[in-house]
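Pasting target.cif here (mmCIF, C-alpha atoms):
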data_coords
loop_
_atom_site.group_PDB
_atom_site.id
_atom_site.type_symbol
_atom_site.label_atom_id
_atom_site.label_comp_id
_atom_site.auth_asym_id
_atom_site.auth_seq_id
_atom_site.Cartn_x
_atom_site.Cartn_y
_atom_site.Cartn_z
ATOM 1 C CA PHE A 8 23.675 0.994 85.182
ATOM 2 C CA ALA A 9 26.115 2.105 82.489
ATOM 3 C CA MET A 10 25.794 -1.291 80.827
ATOM 4 C CA ALA A 11 21.984 -0.943 80.696
ATOM 5 C CA ILE A 12 22.275 2.504 79.091
ATOM 6 C CA ALA A 13 24.736 1.156 76.517
ATOM 7 C CA LEU A 14 22.420 -1.753 75.672
ATOM 8 C CA ILE A 15 19.410 0.540 75.324
ATOM 9 C CA ALA A 16 21.371 2.960 73.128
ATOM 10 C CA GLY A 17 22.616 0.081 70.972
ATOM 11 C CA PHE A 18 19.102 -1.307 70.561
ATOM 12 C CA THR A 19 17.703 2.127 69.697
ATOM 13 C CA ILE A 20 20.378 2.741 67.049
ATOM 14 C CA SER A 21 19.930 -0.725 65.488
ATOM 15 C CA ARG A 22 16.134 -0.311 65.426
ATOM 16 C CA ALA A 23 16.424 3.103 63.738
ATOM 17 C CA GLU A 24 18.809 1.694 61.124
ATOM 18 C CA GLY A 25 16.468 -1.243 60.509
ATOM 19 C CA LEU A 26 13.533 1.098 59.988
ATOM 20 C CA LYS A 27 15.547 3.223 57.542
ATOM 21 C CA SER A 28 16.255 0.156 55.432
ATOM 22 C CA LEU A 29 12.510 -0.478 55.022
ATOM 23 C CA ARG A 30 11.823 2.830 53.287
ATOM 24 C CA THR A 31 13.419 4.296 50.186
ATOM 25 C CA SER A 32 11.048 7.259 49.861
ATOM 26 C CA THR A 33 11.558 10.795 51.169
ATOM 27 C CA SER A 34 9.371 12.518 53.720
ATOM 28 C CA THR A 35 8.868 15.657 55.738
ATOM 29 C CA THR A 36 6.923 16.317 58.900
ATOM 30 C CA LEU A 37 4.464 19.207 58.948
ATOM 31 C CA ASP A 38 5.052 20.149 62.560
ATOM 32 C CA ASP A 39 4.816 23.949 62.274
ATOM 33 C CA MET A 40 1.077 24.537 62.217
ATOM 34 C CA THR A 41 1.442 28.261 62.931
ATOM 35 C CA SER A 42 3.137 29.523 59.751
ATOM 36 C CA ASN A 43 1.322 31.274 56.921
ATOM 37 C CA THR A 44 1.968 28.278 54.656
ATOM 38 C CA SER A 45 0.483 25.629 56.966
ATOM 39 C CA SER A 46 -3.227 26.026 56.151
ATOM 40 C CA GLY A 47 -3.301 22.654 54.340
ATOM 41 C CA ALA A 48 -1.765 20.875 57.327
ATOM 42 C CA VAL A 49 -4.224 22.567 59.697
ATOM 43 C CA LYS A 50 -7.165 21.449 57.536
ATOM 44 C CA PHE A 51 -5.786 17.900 57.389
ATOM 45 C CA VAL A 52 -5.481 17.704 61.188
ATOM 46 C CA ARG A 53 -8.966 19.202 61.655
ATOM 47 C CA LYS A 54 -10.529 16.706 59.239
ATOM 48 C CA ALA A 55 -8.663 13.817 60.886
ATOM 49 C CA ALA A 56 -9.886 14.862 64.346
ATOM 50 C CA GLN A 57 -13.449 15.064 63.007
ATOM 51 C CA LEU A 58 -13.060 11.637 61.398
ATOM 52 C CA PHE A 59 -12.264 10.212 64.832
ATOM 53 C CA GLY A 60 -15.483 11.724 66.175
ATOM 54 C CA ALA A 61 -14.276 14.914 67.832
ATOM 55 C CA PRO A 62 -16.879 17.688 67.896
ATOM 56 C CA SER A 63 -15.657 21.036 66.591
ATOM 57 C CA ASP A 64 -15.043 22.353 70.117
ATOM 58 C CA GLU A 65 -12.825 19.358 71.023
ATOM 59 C CA LEU A 66 -10.530 19.127 67.997
ATOM 60 C CA GLN A 67 -7.473 20.036 70.079
ATOM 61 C CA SER A 68 -8.108 17.203 72.549
ATOM 62 C CA GLU A 69 -8.252 14.659 69.725
ATOM 63 C CA ALA A 70 -5.260 16.153 67.872
ATOM 64 C CA ARG A 71 -3.133 15.786 71.031
ATOM 65 C CA LEU A 72 -3.163 12.053 70.243
ATOM 66 C CA PHE A 73 -1.699 12.602 66.749
ATOM 67 C CA GLU A 74 1.858 12.561 65.570
ATOM 68 C CA ALA A 75 2.459 15.604 63.392
ATOM 69 C CA PRO A 76 1.304 14.978 59.815
ATOM 70 C CA THR A 77 3.912 13.591 57.446
ATOM 71 C CA VAL A 78 4.027 14.008 53.674
ATOM 72 C CA ILE A 79 5.801 11.186 51.863
ATOM 73 C CA ARG A 80 7.008 11.091 48.251
ATOM 74 C CA TYR A 81 7.756 7.882 46.367
ATOM 75 C CA GLU A 82 9.701 8.261 43.134
ATOM 76 C CA ALA A 83 10.067 5.485 40.543
ATOM 77 C CA GLU A 84 11.088 2.159 42.128
ATOM 78 C CA GLN A 85 10.868 3.506 45.691
ATOM 79 C CA VAL A 86 9.124 1.299 48.244
ATOM 80 C CA LEU A 87 8.184 0.819 51.854
ATOM 81 C CA ALA A 88 8.824 -2.830 52.785
ATOM 82 C CA PRO A 89 6.205 -4.836 54.727
ATOM 83 C CA HIS A 90 5.919 -3.467 58.253
ATOM 84 C CA PHE A 91 3.585 -2.786 61.155
ATOM 85 C CA ASP A 92 2.556 0.662 62.391
ATOM 86 C CA ALA A 93 1.784 -0.721 65.865
ATOM 87 C CA ASN A 94 4.391 -2.199 68.153
ATOM 88 C CA ARG A 95 4.131 -5.176 70.520
ATOM 89 C CA SER A 96 6.362 -3.281 72.987
ATOM 90 C CA ALA A 97 4.760 0.140 72.501
ATOM 91 C CA ASP A 98 4.290 0.837 76.214
ATOM 92 C CA THR A 99 8.069 0.816 76.583
ATOM 93 C CA GLU A 100 9.527 1.611 73.169
ATOM 94 C CA ASP A 101 7.001 4.258 72.125
ATOM 95 C CA ALA A 102 6.261 5.811 75.527
ATOM 96 C CA ASN A 103 7.755 9.164 74.430
ATOM 97 C CA ARG A 104 5.500 9.128 71.322
ATOM 98 C CA GLY A 105 2.137 8.558 73.002
ATOM 99 C CA GLY A 106 2.367 4.786 73.351
ATOM 100 C CA GLN A 107 0.661 2.402 70.977
ATOM 101 C CA THR A 108 -0.387 3.478 67.474
ATOM 102 C CA LEU A 109 -4.141 2.884 67.401
ATOM 103 C CA ALA A 110 -4.933 4.219 63.919
ATOM 104 C CA THR A 111 -3.230 5.128 60.663
ATOM 105 C CA LEU A 112 -4.806 7.640 58.292
ATOM 106 C CA ILE A 113 -3.340 7.916 54.794
ATOM 107 C CA VAL A 114 -4.603 10.401 52.235
ATOM 108 C CA TYR A 115 -3.481 9.916 48.645
ATOM 109 C CA LEU A 116 -2.394 13.276 47.251
ATOM 110 C CA ASN A 117 -2.246 12.142 43.622
ATOM 111 C CA SER A 118 -3.655 9.377 41.467
ATOM 112 C CA VAL A 119 -1.164 6.675 40.519
ATOM 113 C CA GLU A 120 -1.858 4.767 37.333
ATOM 114 C CA LYS A 121 1.007 2.282 37.625
ATOM 115 C CA GLY A 122 2.536 0.786 40.761
ATOM 116 C CA GLY A 123 2.467 2.367 44.182
ATOM 117 C CA LEU A 124 -0.200 0.076 45.620
ATOM 118 C CA THR A 125 -0.684 -0.142 49.361
ATOM 119 C CA ARG A 126 -0.781 -3.900 50.014
ATOM 120 C CA PHE A 127 -1.918 -5.699 53.161
ATOM 121 C CA GLY A 128 -0.079 -9.008 52.838
ATOM 122 C CA LYS A 129 -2.046 -10.826 55.536
ATOM 123 C CA LEU A 130 -5.524 -9.853 54.326
ATOM 124 C CA PRO A 131 -7.233 -11.583 51.396
ATOM 125 C CA SER A 132 -8.114 -9.812 48.172
ATOM 126 C CA SER A 133 -11.408 -7.983 47.894
ATOM 127 C CA PRO A 134 -13.035 -7.802 44.453
ATOM 128 C CA GLU A 135 -14.764 -4.555 45.459
ATOM 129 C CA THR A 136 -11.498 -2.696 46.031
ATOM 130 C CA ASN A 137 -8.678 -4.467 44.199
ATOM 131 C CA THR A 138 -8.137 -2.995 40.762
ATOM 132 C CA ASP A 139 -5.766 -5.776 39.686
ATOM 133 C CA PRO A 140 -7.546 -9.152 39.401
ATOM 134 C CA SER A 141 -4.217 -10.974 39.729
ATOM 135 C CA GLU A 142 -3.718 -9.603 43.261
ATOM 136 C CA THR A 143 -4.402 -12.214 45.937
ATOM 137 C CA LYS A 144 -3.976 -9.790 48.841
ATOM 138 C CA PHE A 145 -5.963 -6.712 49.837
ATOM 139 C CA THR A 146 -4.587 -3.702 47.945
ATOM 140 C CA VAL A 147 -5.463 -0.058 47.503
ATOM 141 C CA GLN A 148 -4.638 1.821 44.289
ATOM 142 C CA PRO A 149 -3.794 5.460 45.101
ATOM 143 C CA LYS A 150 -6.459 7.844 43.852
ATOM 144 C CA GLN A 151 -6.204 11.567 44.552
ATOM 145 C CA GLY A 152 -8.382 12.558 47.501
ATOM 146 C CA ASP A 153 -9.085 9.018 48.708
ATOM 147 C CA ALA A 154 -8.323 8.176 52.312
ATOM 148 C CA LEU A 155 -7.289 4.864 53.823
ATOM 149 C CA LEU A 156 -7.989 4.400 57.548
ATOM 150 C CA PHE A 157 -6.958 1.263 59.412
ATOM 151 C CA PHE A 158 -6.340 0.217 62.991
ATOM 152 C CA PRO A 159 -2.975 -1.447 63.710
ATOM 153 C CA ALA A 160 -4.093 -2.036 67.305
ATOM 154 C CA ASP A 161 -7.454 -2.114 69.040
ATOM 155 C CA SER A 162 -8.659 0.635 71.395
ATOM 156 C CA SER A 163 -6.934 -1.019 74.357
ATOM 157 C CA GLY A 164 -3.626 -1.122 72.454
ATOM 158 C CA LEU A 165 -3.640 -4.815 71.535
ATOM 159 C CA PHE A 166 -1.405 -5.313 68.461
ATOM 160 C CA ASP A 167 -3.147 -6.638 65.310
ATOM 161 C CA GLU A 168 -0.713 -8.541 63.101
ATOM 162 C CA ARG A 169 -3.212 -8.645 60.213
ATOM 163 C CA THR A 170 -2.433 -4.986 59.460
ATOM 164 C CA GLU A 171 1.079 -5.627 58.160
ATOM 165 C CA HIS A 172 1.292 -3.541 54.986
ATOM 166 C CA GLU A 173 3.699 -2.189 52.401
ATOM 167 C CA GLY A 174 4.063 0.537 49.829
ATOM 168 C CA CYS A 175 4.704 -1.341 46.592
ATOM 169 C CA ALA A 176 7.232 -0.068 44.080
ATOM 170 C CA ALA A 177 6.154 3.155 42.481
ATOM 171 C CA ILE A 178 6.260 3.310 38.704
ATOM 172 C CA ASP A 179 4.496 6.659 38.581
ATOM 173 C CA GLU A 180 5.376 9.179 41.299
ATOM 174 C CA LYS A 181 3.228 8.807 44.436
ATOM 175 C CA TRP A 182 2.493 11.342 47.198
ATOM 176 C CA ILE A 183 0.696 10.612 50.471
ATOM 177 C CA ALA A 184 -0.051 12.435 53.711
ATOM 178 C CA ARG A 185 -0.180 10.399 56.910
ATOM 179 C CA ILE A 186 -1.299 10.853 60.504
ATOM 180 C CA TRP A 187 -0.742 8.291 63.248
ATOM 181 C CA ARG A 188 -3.182 8.406 66.181
ATOM 182 C CA HIS A 189 -1.770 7.131 69.458
ATOM 183 C CA LYS A 190 -3.204 5.941 72.753
ATOM 184 C CA SER A 191 -1.990 8.972 74.729
ATOM 185 C CA ARG A 192 -0.771 12.538 74.206
ATOM 186 C CA VAL A 193 2.061 12.728 71.672
ATOM 187 C CA PRO A 194 4.384 15.462 72.905
ATOM 188 C CA PRO A 195 6.612 17.571 70.671
ATOM 189 C CA PRO A 196 8.795 17.030 68.745
ATOM 190 C CA PHE A 197 6.748 14.012 67.552
ATOM 191 C CA GLY A 198 3.345 15.562 68.198
ATOM 192 C CA LEU A 199 1.883 18.999 67.714
ATOM 193 C CA SER A 200 3.011 21.898 69.897
ATOM 194 C CA GLU A 201 0.524 23.825 72.021
ATOM 195 C CA ALA A 202 0.788 26.707 69.515
ATOM 196 C CA GLY A 203 0.066 24.270 66.696
ATOM 197 C CA LEU A 204 -2.947 22.899 68.547
ATOM 198 C CA ASP A 205 -4.171 26.466 69.119
ATOM 199 C CA ALA A 206 -4.166 26.937 65.320
ATOM 200 C CA LEU A 207 -6.978 24.395 65.053
#

Same coordinates, now as C-alpha cells:
Amino acid sequence: FAMAIALIAGFTISRAEGLKSLRTSTSTTLDDMTSNTSSGAVKFVRKAAQLFGAPSDELQSEARLFEAPTVIRYEAEQVLAPHFDANRSADTEDANRGGQTLATLIVYLNSVEKGGLTRFGKLPSSPETNTDPSETKFTVQPKQGDALLFFPADSSGLFDERTEHEGCAAIDEKWIARIWRHKSRVPPPFGLSEAGLDAL
C-alpha cells in the first residue's frame, strides 16, 4: 500500500512539473466571486453559463461544472507549448476536478497585433479566420472581446486529439480569461464555492 502511495505521489509531482514547463506565462484564478471587486468574474461566469444553454434560473447548475475562471498574462516571448485540455485518463486523474474537460472558453481581453496566436496544430488553416496567409494550421489572432470556444472531448468524455493547441510566442502583451467546463461538479478549490455560485 505504501508503495502505491509513493508511486502515485511521484507521478503527480512529475506531471505537475511537466505541466509547468509548458507554460511561461503568469496567471491567477478568480475564485472569490463574493468580493466587491469580483463583478467582472461574476459576469464572465454568467455569460459562459448562458453560452452553454443554461436559462437564467439555472445558471448555478451550469456553473457547478466550471473550474473557477483564470486570467492569464503573456509578456513578450512567453508561450504555452502544444497541449491538450482534455485527458485520456480524466476519470482517474481529474476525478477531483469534475472529470473530463468537455469545453474550453477563452476570451481575449486585449487585441494583439504581433504574435500571441492560438494555434491548433492538428487542424488545417482556414482562410476565413487565419490572418496570416503563411499559416498552414488553424490559428486565432487575439482581438479584444472575441471568444474562442472549443471542445477537447465530446459530451460523453471521449478525448479529441485534434484539439491540441498552443499559445504562440507573444510579441505584444496578451491577456486572456479562460473557463474549463467539466463533465461533473468541480468542487472547491478548483471550482466555485457555494457562496460564489450564490453570487450568480

Handout entry: For A:Gly203: contacts at 7 Å, only C-alpha atoms, fewer than 4 positions along chain excluded, given as a ChimeraX atom specification
Key = /A:39-41,199

Exercise for the section: For the structure shown, which residues end up in the PyMOL selection byres ((chain A and resi 189) around 9)? Put them as a list in words, please? Expected result: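 When the PyMOL selection byres ((chain A and resi 189) around 9) is applied, the selected residues are Arg71, Leu72, Phe73, Glu74, Arg104, Gly105, Gly106, Gln107, Thr108, Leu109, Ala110, Gly164, Trp187, Arg188, Lys190, Ser191, Arg192 and Val193 of chain A.
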
Exercise for the section: Pull out every residue that the PyMOL selection byres ((chain A and resi 49) around 9) matches in the shown coordinates and put them as a list of chain:residue names. Expected result: A:Met40, A:Thr41, A:Ser45, A:Ser46, A:Gly47, A:Ala48, A:Lys50, A:Phe51, A:Val52, A:Arg53, A:Lys54, A:Gly203, A:Leu204, A:Ala206, A:Leu207

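Note that the spacing between atom CA of A:Leu124 and atom CA of A:Ala55 amounts to 22.2 Å.
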
Exercise for the section: Please identify all polymer residues within 8 Å of A:Trp182, counting all atoms listed in the file, omitting same-chain residues fewer than 2 positions from it, and present them as a ChimeraX atom specification. Expected result: /A:78-81,115-117,180,184

Practice task
Tell me which residues the PyMOL selection byres ((chain A and resi 118) around 6) grabs here, as number ranges by chain.
Solution key: A: 117, 119, 149-151

Handout entry: Interatomic distance (Å, one decimal) between atom CA of A:Thr170 and atom CA of A:Ala93
Key =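 These atoms are spaced 8.8 Å apart.
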
Generate N, CA, C and O atoms for stretch 163-179 of chain A and emit them as a short mmCIF file (atom, residue, chain, number, x, y, z; two decimals), in the frame of the given file.
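Written file, result37.cif:
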data_model
loop_
_atom_site.label_atom_id
_atom_site.label_comp_id
_atom_site.auth_asym_id
_atom_site.auth_seq_id
_atom_site.Cartn_x
_atom_site.Cartn_y
_atom_site.Cartn_z
N SER A 163 -7.69 -0.79 73.13
CA SER A 163 -6.93 -1.02 74.36
C SER A 163 -5.43 -1.09 74.09
O SER A 163 -4.63 -1.20 75.03
N GLY A 164 -5.04 -1.08 72.81
CA GLY A 164 -3.63 -1.12 72.45
C GLY A 164 -3.13 -2.49 72.04
O GLY A 164 -1.94 -2.68 71.80
N LEU A 165 -4.04 -3.46 71.92
CA LEU A 165 -3.64 -4.82 71.54
C LEU A 165 -3.25 -4.84 70.06
O LEU A 165 -4.04 -4.51 69.18
N PHE A 166 -2.02 -5.24 69.80
CA PHE A 166 -1.40 -5.31 68.46
C PHE A 166 -2.21 -6.24 67.55
O PHE A 166 -2.62 -7.32 67.95
N ASP A 167 -2.43 -5.82 66.30
CA ASP A 167 -3.15 -6.64 65.31
C ASP A 167 -2.21 -6.95 64.15
O ASP A 167 -1.96 -6.11 63.28
N GLU A 168 -1.70 -8.17 64.12
CA GLU A 168 -0.71 -8.54 63.10
C GLU A 168 -1.29 -8.60 61.69
O GLU A 168 -0.54 -8.59 60.71
N ARG A 169 -2.61 -8.60 61.55
CA ARG A 169 -3.21 -8.64 60.21
C ARG A 169 -2.98 -7.35 59.44
O ARG A 169 -3.16 -7.32 58.23
N THR A 170 -2.58 -6.28 60.13
CA THR A 170 -2.43 -4.99 59.46
C THR A 170 -1.03 -4.74 58.90
O THR A 170 -0.72 -3.62 58.50
N GLU A 171 -0.21 -5.78 58.84
CA GLU A 171 1.08 -5.63 58.16
C GLU A 171 0.80 -5.14 56.74
O GLU A 171 -0.07 -5.67 56.05
N HIS A 172 1.54 -4.12 56.31
CA HIS A 172 1.29 -3.54 54.99
C HIS A 172 2.59 -3.04 54.39
O HIS A 172 3.61 -2.95 55.08
N GLU A 173 2.52 -2.69 53.10
CA GLU A 173 3.70 -2.19 52.40
C GLU A 173 3.28 -1.19 51.34
O GLU A 173 2.14 -1.20 50.87
N GLY A 174 4.22 -0.34 50.98
CA GLY A 174 4.06 0.54 49.83
C GLY A 174 4.81 -0.11 48.68
O GLY A 174 6.04 -0.16 48.70
N CYS A 175 4.08 -0.65 47.72
CA CYS A 175 4.70 -1.34 46.59
C CYS A 175 5.47 -0.35 45.71
O CYS A 175 5.22 0.85 45.74
N ALA A 176 6.37 -0.90 44.92
CA ALA A 176 7.23 -0.07 44.08
C ALA A 176 6.42 0.90 43.22
O ALA A 176 5.48 0.50 42.55
N ALA A 177 6.80 2.13 43.30
CA ALA A 177 6.15 3.16 42.48
C ALA A 177 6.71 3.07 41.07
O ALA A 177 7.91 2.89 40.87
N ILE A 178 5.85 3.14 40.10
CA ILE A 178 6.26 3.31 38.70
C ILE A 178 6.02 4.77 38.35
O ILE A 178 6.91 5.47 37.88
N ASP A 179 4.80 5.23 38.64
CA ASP A 179 4.50 6.66 38.58
C ASP A 179 4.78 7.24 39.97
O ASP A 179 4.68 6.54 40.97
#
